[in-house]
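A.B. asks: This one is data.csv, CSV, C-alpha atoms.
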```csv
chain,number,residue,atom,x,y,z
A,30,MET,CA,-27.5,39.2,-25.8
A,31,PRO,CA,-30.3,38.2,-28.1
A,32,ILE,CA,-33.6,40.0,-27.9
A,33,GLU,CA,-36.6,38.1,-26.5
A,34,GLY,CA,-38.4,36.0,-29.1
A,35,SER,CA,-39.8,32.5,-29.5
A,36,LYS,CA,-38.0,29.9,-27.4
A,37,ASP,CA,-37.1,26.3,-27.8
A,38,LYS,CA,-37.9,23.6,-25.3
A,39,GLY,CA,-34.8,24.5,-23.2
A,40,GLY,CA,-35.9,28.1,-22.8
A,41,ARG,CA,-33.3,29.5,-25.3
A,42,ASN,CA,-34.3,32.1,-27.9
A,43,ARG,CA,-34.6,30.3,-31.2
A,44,ILE,CA,-32.3,31.6,-33.9
A,45,ARG,CA,-34.2,33.9,-36.2
A,46,LEU,CA,-33.6,32.5,-39.7
A,47,GLY,CA,-34.1,34.0,-43.2
A,48,MET,CA,-33.9,32.2,-46.5
A,49,VAL,CA,-32.9,33.3,-50.0
A,50,GLY,CA,-34.3,31.0,-52.7
A,51,GLY,CA,-36.3,27.9,-51.9
A,52,GLY,CA,-39.7,29.1,-53.0
A,53,GLU,CA,-42.5,27.2,-54.8
A,54,GLY,CA,-41.3,24.0,-56.4
A,55,ALA,CA,-37.8,24.1,-55.0
A,56,PHE,CA,-36.7,20.8,-53.6
A,57,ILE,CA,-33.7,21.9,-51.6
A,58,GLY,CA,-35.4,24.8,-49.9
A,59,ALA,CA,-37.9,22.5,-48.3
A,60,VAL,CA,-35.0,20.2,-47.1
A,61,HIS,CA,-33.2,23.1,-45.4
A,62,ARG,CA,-36.4,24.2,-43.7
A,63,LEU,CA,-37.1,20.7,-42.4
A,64,ALA,CA,-33.5,20.4,-41.2
A,65,ALA,CA,-33.6,23.8,-39.4
A,66,ARG,CA,-36.8,22.9,-37.5
A,67,MET,CA,-36.0,19.3,-36.6
A,68,ASP,CA,-34.3,20.1,-33.4
A,69,ASP,CA,-36.3,23.2,-32.6
A,70,GLN,CA,-33.3,25.6,-32.9
A,71,TYR,CA,-34.6,28.0,-35.6
A,72,GLU,CA,-37.6,30.0,-36.6
A,73,LEU,CA,-38.0,31.1,-40.2
A,74,VAL,CA,-39.1,34.8,-40.1
A,75,ALA,CA,-38.0,36.3,-43.4
A,76,GLY,CA,-37.2,35.4,-46.9
A,77,ALA,CA,-36.5,36.5,-50.5
A,78,LEU,CA,-37.8,33.2,-51.8
A,79,SER,CA,-37.9,33.8,-55.5
A,80,SER,CA,-36.5,36.2,-58.1
A,81,THR,CA,-40.1,36.5,-59.3
A,82,PRO,CA,-41.8,39.0,-56.9
A,83,ALA,CA,-45.3,37.5,-57.1
A,84,LYS,CA,-43.9,34.0,-56.5
A,85,ALA,CA,-41.8,35.3,-53.6
A,86,LYS,CA,-44.9,36.7,-51.9
A,87,ARG,CA,-46.9,33.6,-52.4
A,88,SER,CA,-44.1,31.4,-51.1
A,89,ALA,CA,-43.7,33.5,-48.0
A,90,ALA,CA,-47.4,33.6,-47.3
A,91,ALA,CA,-47.5,29.8,-47.6
A,92,LEU,CA,-44.7,29.5,-45.0
A,93,GLY,CA,-46.3,32.0,-42.6
A,94,ILE,CA,-43.8,34.7,-43.1
A,95,ALA,CA,-45.1,38.2,-42.4
A,96,ARG,CA,-45.9,40.3,-45.4
A,97,ASP,CA,-43.4,43.0,-44.4
A,98,ARG,CA,-40.6,40.4,-44.2
A,99,ALA,CA,-41.3,38.9,-47.6
A,100,TYR,CA,-38.7,40.5,-49.8
A,101,ALA,CA,-38.4,40.8,-53.6
A,102,ASP,CA,-34.6,40.7,-53.6
A,103,PHE,CA,-31.8,39.6,-51.3
A,104,GLN,CA,-30.0,43.0,-51.1
A,105,THR,CA,-33.1,44.7,-49.7
A,106,MET,CA,-33.6,41.8,-47.3
A,107,ALA,CA,-30.0,42.0,-46.0
A,108,GLU,CA,-30.3,45.8,-45.5
A,109,ARG,CA,-33.7,45.8,-43.8
A,110,GLU,CA,-33.1,42.8,-41.6
A,111,ALA,CA,-29.8,44.2,-40.4
A,112,ALA,CA,-31.6,47.4,-39.4
A,113,ARG,CA,-34.4,45.6,-37.4
A,114,GLU,CA,-34.0,45.1,-33.7
A,115,ASP,CA,-35.6,41.6,-34.3
A,116,GLY,CA,-33.8,41.0,-37.6
A,117,ILE,CA,-32.5,37.6,-38.7
A,118,GLU,CA,-29.4,36.2,-37.1
A,119,ALA,CA,-28.7,33.7,-39.9
A,120,VAL,CA,-29.6,33.2,-43.6
A,121,ALA,CA,-29.9,30.0,-45.6
A,122,ILE,CA,-28.9,30.3,-49.2
A,123,VAL,CA,-30.6,27.8,-51.4
A,124,THR,CA,-30.3,29.3,-54.9
A,125,PRO,CA,-28.5,28.2,-58.0
A,126,ASN,CA,-24.7,28.2,-57.6
A,127,HIS,CA,-23.9,31.5,-59.4
A,128,LEU,CA,-25.9,33.5,-56.8
A,129,HIS,CA,-24.2,32.0,-53.7
A,130,ALA,CA,-21.3,34.5,-53.6
A,131,PRO,CA,-23.2,37.8,-54.0
A,132,ILE,CA,-25.8,36.8,-51.5
A,133,ALA,CA,-23.3,35.6,-49.0
A,134,ARG,CA,-21.3,38.8,-49.4
A,135,ALA,CA,-24.4,40.9,-48.7
A,136,PHE,CA,-25.4,39.1,-45.5
A,137,LEU,CA,-21.9,38.7,-44.1
A,138,ASP,CA,-21.3,42.5,-44.6
A,139,ALA,CA,-24.7,43.1,-42.9
A,140,GLY,CA,-23.4,41.1,-39.8
A,141,ILE,CA,-25.6,38.1,-40.4
A,142,HIS,CA,-24.4,34.4,-40.2
A,143,VAL,CA,-24.6,32.4,-43.4
A,144,ILE,CA,-25.6,28.8,-44.1
A,145,CYS,CA,-24.9,28.1,-47.8
A,146,ASP,CA,-25.7,25.2,-50.0
A,147,LYS,CA,-22.8,23.6,-51.8
A,148,PRO,CA,-20.7,24.4,-53.8
A,149,MET,CA,-20.0,27.6,-51.8
A,150,THR,CA,-19.2,29.6,-54.9
A,151,VAL,CA,-18.5,29.0,-58.6
A,152,THR,CA,-14.9,30.4,-58.5
A,153,LEU,CA,-12.1,30.1,-56.1
A,154,LYS,CA,-11.6,33.8,-56.2
A,155,GLU,CA,-15.1,34.3,-54.8
A,156,ALA,CA,-14.6,31.6,-52.2
A,157,LEU,CA,-11.4,33.2,-50.9
A,158,ASP,CA,-13.2,36.6,-50.8
A,159,LEU,CA,-16.0,35.1,-48.6
A,160,LYS,CA,-13.4,33.6,-46.3
A,161,LYS,CA,-11.9,37.0,-45.7
A,162,ARG,CA,-15.3,38.6,-45.2
A,163,ALA,CA,-16.4,36.0,-42.7
A,164,ARG,CA,-13.3,36.5,-40.7
A,165,LYS,CA,-13.5,40.3,-41.0
A,166,ASN,CA,-17.1,40.4,-39.9
A,167,ARG,CA,-16.7,37.7,-37.3
A,168,ARG,CA,-19.6,35.7,-38.7
A,169,ILE,CA,-20.1,32.0,-39.4
A,170,LEU,CA,-20.3,30.8,-42.9
A,171,ALA,CA,-21.3,27.1,-43.0
A,172,VAL,CA,-21.7,25.0,-46.0
A,173,THR,CA,-24.2,22.1,-46.1
A,174,TYR,CA,-22.1,19.2,-47.0
A,175,ASN,CA,-24.8,17.2,-45.2
A,176,TYR,CA,-23.3,13.7,-45.5
A,177,THR,CA,-20.8,14.7,-42.8
A,178,GLY,CA,-23.7,14.9,-40.4
A,179,TYR,CA,-24.5,11.1,-40.6
A,180,PRO,CA,-23.7,9.3,-37.3
A,181,MET,CA,-21.7,6.5,-38.9
A,182,VAL,CA,-19.6,8.9,-41.0
A,183,ARG,CA,-18.6,10.6,-37.8
A,184,HIS,CA,-17.9,7.2,-36.2
A,185,ALA,CA,-15.6,6.4,-39.1
A,186,ARG,CA,-13.8,9.7,-38.7
A,187,GLN,CA,-13.2,9.1,-35.0
A,188,MET,CA,-11.8,5.6,-35.8
A,189,VAL,CA,-9.4,7.1,-38.2
A,190,GLN,CA,-8.4,9.8,-35.7
A,191,GLU,CA,-7.8,7.2,-33.0
A,192,GLY,CA,-5.5,5.2,-35.2
A,193,ALA,CA,-7.7,2.1,-35.6
A,194,LEU,CA,-6.8,1.9,-39.4
A,195,GLY,CA,-3.1,2.6,-38.9
A,196,THR,CA,-1.4,4.6,-41.6
A,197,LEU,CA,-3.8,5.4,-44.4
A,198,ARG,CA,-3.0,4.1,-47.8
A,199,VAL,CA,-6.1,4.1,-50.0
A,200,VAL,CA,-9.2,6.2,-50.2
A,201,GLN,CA,-11.9,5.4,-52.7
A,202,VAL,CA,-15.2,7.3,-53.0
A,203,GLU,CA,-17.9,7.3,-55.6
A,204,TYR,CA,-21.2,9.1,-56.1
A,205,PRO,CA,-23.2,7.8,-59.1
A,206,GLN,CA,-26.7,8.7,-60.0
A,207,ASP,CA,-28.8,8.1,-63.1
A,208,TRP,CA,-31.3,11.0,-63.3
A,209,LEU,CA,-29.5,12.8,-66.1
A,210,THR,CA,-29.1,9.7,-68.3
A,211,GLU,CA,-31.2,11.4,-70.9
A,212,LYS,CA,-31.3,15.1,-71.8
A,213,LEU,CA,-33.7,16.0,-69.1
A,214,GLU,CA,-32.8,19.7,-69.3
A,215,ALA,CA,-34.4,19.8,-72.8
A,216,THR,CA,-37.8,19.2,-71.2
A,217,GLY,CA,-37.5,22.4,-69.1
A,218,GLN,CA,-37.2,20.4,-65.8
A,219,LYS,CA,-36.1,23.1,-63.3
A,220,GLN,CA,-33.4,21.1,-61.4
A,221,ALA,CA,-31.8,19.8,-64.6
A,222,LEU,CA,-32.1,23.1,-66.4
A,223,TRP,CA,-29.9,25.2,-64.1
A,224,ARG,CA,-27.5,22.4,-63.2
A,225,SER,CA,-26.6,21.9,-66.8
A,226,ASP,CA,-26.2,25.7,-67.5
A,227,PRO,CA,-22.6,26.9,-67.0
A,228,LYS,CA,-23.9,30.4,-66.3
A,229,GLN,CA,-25.8,29.2,-63.3
A,230,SER,CA,-23.9,26.0,-62.2
A,231,GLY,CA,-20.4,27.1,-62.8
A,232,ALA,CA,-17.7,25.1,-64.6
A,233,GLY,CA,-18.6,21.8,-63.0
A,234,GLY,CA,-21.6,19.6,-63.8
A,235,SER,CA,-21.7,16.3,-61.9
A,236,ILE,CA,-18.3,17.2,-60.4
A,237,GLY,CA,-19.9,20.3,-58.8
A,238,ASP,CA,-23.2,18.9,-58.0
A,239,VAL,CA,-22.3,15.5,-56.4
A,240,GLY,CA,-18.6,15.2,-56.9
A,241,THR,CA,-17.9,17.9,-54.4
A,242,HIS,CA,-19.9,15.9,-51.8
A,243,ALA,CA,-17.8,12.9,-52.5
A,244,TYR,CA,-14.6,14.9,-52.2
A,245,ASP,CA,-15.7,16.5,-48.9
A,246,ILE,CA,-16.7,13.2,-47.2
A,247,ALA,CA,-13.5,11.5,-48.3
A,248,THR,CA,-11.3,14.2,-46.7
A,249,PHE,CA,-13.7,14.6,-43.7
A,250,VAL,CA,-13.4,10.9,-42.7
A,251,SER,CA,-9.7,10.4,-43.7
A,252,GLY,CA,-8.4,13.7,-42.4
A,253,LEU,CA,-6.1,13.7,-45.4
A,254,GLN,CA,-5.3,16.8,-47.5
A,255,LEU,CA,-5.4,16.4,-51.3
A,256,ASP,CA,-2.2,17.4,-53.0
A,257,SER,CA,-3.0,16.9,-56.7
A,258,LEU,CA,-5.4,15.1,-59.0
A,259,ALA,CA,-5.8,13.8,-62.6
A,260,ALA,CA,-9.3,14.2,-63.9
A,261,ASP,CA,-11.2,12.9,-66.9
A,262,LEU,CA,-14.5,14.8,-67.1
A,263,THR,CA,-17.0,13.7,-69.8
A,264,SER,CA,-20.3,14.9,-71.2
A,265,PHE,CA,-21.9,11.7,-72.5
A,266,VAL,CA,-25.3,13.2,-73.4
A,267,PRO,CA,-25.0,15.0,-76.8
A,268,GLY,CA,-25.3,18.7,-76.5
A,269,ARG,CA,-24.8,18.8,-72.7
A,270,LYS,CA,-22.6,21.7,-71.8
A,271,LEU,CA,-21.2,20.4,-68.5
A,272,ASP,CA,-19.8,17.1,-67.4
A,273,ASP,CA,-22.1,14.3,-66.5
A,274,ASN,CA,-19.4,11.8,-65.5
A,275,ALA,CA,-15.9,12.1,-64.0
A,276,ASN,CA,-13.1,9.7,-63.2
A,277,ILE,CA,-10.4,11.2,-61.0
A,278,LEU,CA,-7.1,9.9,-59.5
A,279,LEU,CA,-6.1,11.4,-56.2
A,280,ARG,CA,-2.7,12.0,-54.5
A,281,PHE,CA,-2.9,13.0,-50.9
A,282,ARG,CA,-0.2,14.7,-48.9
A,283,GLY,CA,1.8,12.1,-47.0
A,284,GLY,CA,1.6,9.4,-49.7
A,285,ALA,CA,-1.9,8.0,-49.6
A,286,ARG,CA,-3.6,7.5,-53.0
A,287,GLY,CA,-7.2,7.5,-54.0
A,288,MET,CA,-9.9,7.4,-56.7
A,289,LEU,CA,-13.1,9.4,-57.1
A,290,TRP,CA,-15.9,8.6,-59.5
A,291,THR,CA,-19.0,10.8,-59.9
A,292,SER,CA,-21.7,10.2,-62.4
A,293,GLN,CA,-25.3,11.3,-63.2
A,294,VAL,CA,-25.7,9.0,-66.2
A,295,SER,CA,-25.3,5.5,-64.6
A,296,PRO,CA,-28.6,3.6,-64.8
A,297,GLY,CA,-29.5,1.7,-61.6
A,298,ASN,CA,-27.9,4.3,-59.3
A,299,GLU,CA,-30.3,6.5,-57.4
A,300,ASN,CA,-28.1,8.3,-54.8
A,301,ASN,CA,-25.3,5.7,-54.4
A,302,LEU,CA,-22.6,7.5,-52.4
A,303,LYS,CA,-20.0,5.1,-51.1
A,304,LEU,CA,-16.8,5.6,-49.2
A,305,ARG,CA,-13.9,3.1,-48.6
A,306,VAL,CA,-10.8,3.9,-46.5
A,307,TYR,CA,-7.9,1.5,-46.1
A,308,GLY,CA,-4.9,1.6,-43.8
A,309,THR,CA,-2.1,-0.7,-42.6
A,310,LYS,CA,-4.4,-2.1,-39.8
A,311,GLY,CA,-7.8,-2.4,-41.5
A,312,GLY,CA,-10.4,-0.8,-43.7
A,313,LEU,CA,-13.8,0.9,-43.5
A,314,GLU,CA,-16.7,1.0,-45.9
A,315,TRP,CA,-19.9,3.1,-45.7
A,316,HIS,CA,-22.9,3.3,-48.1
A,317,GLN,CA,-25.2,6.3,-48.0
A,318,GLU,CA,-28.2,4.3,-49.1
A,319,HIS,CA,-27.7,2.0,-46.0
A,320,PRO,CA,-26.4,4.8,-43.7
A,321,ASN,CA,-26.9,3.1,-40.3
A,322,GLN,CA,-24.2,0.5,-40.8
A,323,LEU,CA,-20.5,0.8,-41.1
A,324,LEU,CA,-18.3,-2.1,-42.3
A,325,TRP,CA,-15.1,-2.5,-40.3
A,326,SER,CA,-12.5,-5.0,-41.5
A,327,PRO,CA,-9.5,-5.4,-39.1
A,328,PHE,CA,-6.6,-6.9,-41.1
A,329,GLY,CA,-6.7,-10.7,-40.8
A,330,GLN,CA,-10.1,-10.8,-39.1
A,331,PRO,CA,-13.7,-11.2,-40.2
A,332,THR,CA,-15.5,-8.0,-41.3
A,333,GLN,CA,-17.7,-6.5,-38.6
A,334,VAL,CA,-20.9,-4.6,-39.0
A,335,ILE,CA,-21.1,-1.6,-36.6
A,336,SER,CA,-24.7,-0.2,-36.3
A,337,ARG,CA,-25.8,3.2,-35.3
A,338,ALA,CA,-27.4,3.6,-31.9
A,339,THR,CA,-25.9,0.5,-30.5
A,340,GLY,CA,-23.3,0.1,-27.8
A,341,ALA,CA,-20.7,-0.4,-30.5
A,342,ALA,CA,-21.1,3.2,-31.8
A,343,ASN,CA,-18.6,5.7,-30.5
A,344,ALA,CA,-19.1,9.0,-28.9
A,345,SER,CA,-19.0,11.0,-32.2
A,346,ALA,CA,-21.9,8.9,-33.6
A,347,ALA,CA,-23.9,8.9,-30.4
A,348,ARG,CA,-24.0,12.7,-30.0
A,349,VAL,CA,-25.8,13.1,-33.3
A,350,THR,CA,-28.1,10.1,-33.0
A,351,ARG,CA,-31.8,10.7,-32.2
A,352,VAL,CA,-33.7,7.4,-32.3
A,353,PRO,CA,-33.3,3.9,-30.9
A,354,PRO,CA,-31.7,1.0,-32.8
A,355,GLY,CA,-33.7,-0.3,-35.8
A,356,HIS,CA,-35.3,3.0,-36.6
A,357,PRO,CA,-33.8,4.4,-39.8
A,358,GLU,CA,-32.0,7.7,-39.7
A,359,GLY,CA,-30.8,9.2,-43.0
A,360,TYR,CA,-30.8,12.2,-45.3
A,361,LEU,CA,-33.0,14.6,-43.4
A,362,GLU,CA,-31.5,13.8,-40.0
A,363,GLY,CA,-28.0,14.1,-41.3
A,364,PHE,CA,-28.9,17.5,-42.8
A,365,ALA,CA,-30.5,18.5,-39.5
A,366,ASN,CA,-27.3,17.6,-37.6
A,367,ILE,CA,-25.4,20.2,-39.7
A,368,TYR,CA,-28.1,22.8,-38.8
A,369,THR,CA,-28.0,21.9,-35.2
A,370,GLU,CA,-24.3,22.1,-34.9
A,371,VAL,CA,-24.3,25.5,-36.6
A,372,ALA,CA,-27.0,26.6,-34.2
A,373,ALA,CA,-24.8,25.7,-31.2
A,374,ALA,CA,-22.0,27.7,-32.8
A,375,ILE,CA,-24.3,30.7,-33.3
A,376,GLN,CA,-25.6,30.4,-29.7
A,377,ALA,CA,-22.0,30.5,-28.5
A,378,ALA,CA,-21.3,33.6,-30.7
A,379,ARG,CA,-24.3,35.3,-29.1
A,380,ILE,CA,-22.4,35.5,-25.8
A,381,ARG,CA,-19.0,35.8,-27.4
A,382,ARG,CA,-17.7,32.4,-26.4
A,383,ARG,CA,-16.0,29.7,-28.3
A,384,PRO,CA,-18.3,26.7,-29.1
A,385,ASP,CA,-17.8,23.3,-27.5
A,386,PRO,CA,-14.9,21.6,-29.3
A,387,ALA,CA,-17.2,18.6,-30.1
A,388,ILE,CA,-19.3,20.8,-32.4
A,389,LEU,CA,-18.5,19.9,-36.0
A,390,TYR,CA,-19.9,21.4,-39.2
A,391,PRO,CA,-18.5,22.2,-42.7
A,392,THR,CA,-17.0,25.7,-42.5
A,393,VAL,CA,-16.0,28.4,-45.0
A,394,ASN,CA,-12.6,26.6,-45.2
A,395,ASP,CA,-14.3,23.4,-46.3
A,396,GLY,CA,-16.4,25.3,-48.8
A,397,ALA,CA,-13.3,26.9,-50.3
A,398,ARG,CA,-11.5,23.6,-50.5
A,399,GLY,CA,-14.5,22.2,-52.4
A,400,VAL,CA,-14.3,25.0,-54.9
A,401,ALA,CA,-10.5,24.5,-55.3
A,402,PHE,CA,-11.2,20.8,-56.0
A,403,ILE,CA,-13.7,21.6,-58.7
A,404,GLU,CA,-11.4,24.1,-60.4
A,405,ALA,CA,-8.5,21.7,-60.3
A,406,ALA,CA,-10.6,18.9,-61.8
A,407,VAL,CA,-11.8,21.1,-64.7
A,408,LYS,CA,-8.3,22.3,-65.3
A,409,SER,CA,-6.9,18.8,-65.3
A,410,SER,CA,-9.5,17.5,-67.7
A,411,LYS,CA,-8.9,20.3,-70.2
A,412,ARG,CA,-5.2,19.3,-70.1
A,413,ASN,CA,-6.0,15.7,-71.1
A,414,ALA,CA,-6.1,14.5,-67.4
A,415,ALA,CA,-2.7,16.0,-66.6
A,416,TRP,CA,-1.8,16.1,-62.9
A,417,VAL,CA,-2.8,19.4,-61.3
A,418,LYS,CA,-2.0,20.6,-57.8
A,419,LEU,CA,-4.8,22.0,-55.7
A,420,ALA,CA,-4.6,25.6,-54.8
A,421,LYS,CA,-4.0,26.3,-51.2
A,422,VAL,CA,-6.9,27.9,-49.4
```
Can you present the structure in this file as structure tokens?
C.D. replies:
Amino acid sequence: MPIEGSKDKGGRNRIRLGMVGGGEGAFIGAVHRLAARMDDQYELVAGALSSTPAKAKRSAAALGIARDRAYADFQTMAEREAAREDGIEAVAIVTPNHLHAPIARAFLDAGIHVICDKPMTVTLKEALDLKKRARKNRRILAVTYNYTGYPMVRHARQMVQEGALGTLRVVQVEYPQDWLTEKLEATGQKQALWRSDPKQSGAGGSIGDVGTHAYDIATFVSGLQLDSLAADLTSFVPGRKLDDNANILLRFRGGARGMLWTSQVSPGNENNLKLRVYGTKGGLEWHQEHPNQLLWSPFGQPTQVISRATGAANASAARVTRVPPGHPEGYLEGFANIYTEVAAAIQAARIRRRPDPAILYPTVNDGARGVAFIEAAVKSSKRNAAWVKLAKV
């Protein structure tokens, strides 16, 4: 049983959360903290928020973290928190990609649940190692593929599962942005700098940063497993070491086909994630920038607009919806849904029970599949877009 601590509105002990990375000036750290607090399930009590000790201390103080729980490095944090009676139950990892694996290893081995930003690791070998450690230590490793937390994405998934689309034939997904159209990393901009560095980002540029999101949402909604791909990865900006655009053909097990386009050099696109799924009975279309509507086109009938929080939304959408119709829900709420689903799983683990089957979040298996996708795409592109089978995970 958990020790007594701060409680949520339902009288349950909040999950004691730590964070590695996400200090001063870090965008994604603030997003994770907002997501964790939105449904009152977590309390941030410890952190190793920067690799610079002075910055780590300042960042912790600004967030109200006690001085003795503001750590200079993640290894010390894992050891000391594991030894405390009131130590953290879960840690959020919001560092550059190359640090995900060693940090996750340290906390899993210390008996602490992990919530990791994507991609889970930079190599498949690391991903499979984390999968084994999570199973061995009986701890949750969740990956924040946050777009799977959107209500209408879950509505679409349920429609596919119920057979509304019939046999699936085509899946198309794209995730274009324009923020790296020029060589932003040359200015020293923090986010561009590490994402364009193979030593920190891994072998994938746009394919690892946003392409893995596109792949995950496509398989999440369709339920299909990718068999093989043919990828053309390009670095359009002179001197850029990693891809900033990718065009990929997809072959799914069972016969369905697909296409994935990811880009960070496409002017006019801010965060333009789109998904289209077509079957023998109809098609679905969802746009992340207009997340509260789903387009449903039954074959031979007019296209229908299904809105979140209305009577037309199914149970999967309703259970992760917060506000009435007409009030926008989007990025932060979708992110918070992942955190809240993980919280429910952790609460079940506290009392050694299986979580409610309705609880849904990206697991260590999804994280490993994402890394396998990146590795296959890079390998294919190096072979002049030859077809490459995905490794089994």
A.B. asks: Calculated over all atoms listed in the file, which of the candidates A:Lys212, A:Arg87, A:Arg286, A:Arg337 has the smallest distance to A:Phe265?
C.D. replies: A:Lys212
A.B. asks: For a quick check of understanding, using all atoms listed in the file, which of A:Val250, A:Ala260, A:Ala232, A:Leu46 has the smallest distance to A:Leu153?
C.D. replies: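 Ranking A:Val250, A:Ala260, A:Ala232, A:Leu46 by distance to A:Leu153, first place goes to A:Ala232.
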A.B. asks: Hey, can you check how far atom CA of A:Ala377 sits from atom CA of A:Gly359?
C.D. replies: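 Rounded to one decimal, the two atoms are 27.2 Å apart.
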A.B. asks: Need the shell around A:Ala107: protein/DNA/RNA residues with any atom at most 9 Å away, counting all atoms listed in the file. Skip same-chain ones fewer than 5 positions apart. Format as a ChimeraX atom specification?
C.D. replies: /A:102,112,117,132,135-139,141
A.B. asks: Could you please take those selected residues and save C-alpha atoms as a CSV table (one decimal), in the coordinates of the input?
C.D. replies:
```csv
chain,number,residue,atom,x,y,z
A,102,ASP,CA,-34.6,40.7,-53.6
A,112,ALA,CA,-31.6,47.4,-39.4
A,117,ILE,CA,-32.5,37.6,-38.7
A,132,ILE,CA,-25.8,36.8,-51.5
A,135,ALA,CA,-24.4,40.9,-48.7
A,136,PHE,CA,-25.4,39.1,-45.5
A,137,LEU,CA,-21.9,38.7,-44.1
A,138,ASP,CA,-21.3,42.5,-44.6
A,139,ALA,CA,-24.7,43.1,-42.9
A,141,ILE,CA,-25.6,38.1,-40.4
```
A.B. asks: Which is closest to A:Thr196 among A:Leu253, A:Pro357, A:Thr332, A:Gln317, if we use all atoms listed in the file?
C.D. replies: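 Looking only at the distances to A:Thr196, the closest residue turns out to be A:Leu253.
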A.B. asks: Please report the interatomic distance between atom CA of A:Thr105 and atom CA of A:Asp146 in Å with one decimal.
C.D. replies: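 Those two atoms sit 20.9 Å apart.
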A.B. asks: Pick the closest to A:Ala374 from A:Ala347, A:Met288, A:Ile169, A:Val400: which is it, counting all atoms listed in the file?
C.D. replies: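 Using all atoms listed in the file, the shortest distance to A:Ala374 belongs to A:Ile169.
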A.B. asks: Compile the contact shell of A:Val200 as a list in words: residues with an atom at most 6 Å away, counting only C-alpha atoms, same-chain residues fewer than 2 positions apart removed.
C.D. replies: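 Returned residues: Gly287, Arg305 and Val306 of chain A.
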A.B. asks: Could you tell me how far atom CA of A:Val349 sits from atom CA of A:Trp325, in Å to one decimal place?
C.D. replies: 20.2 Å
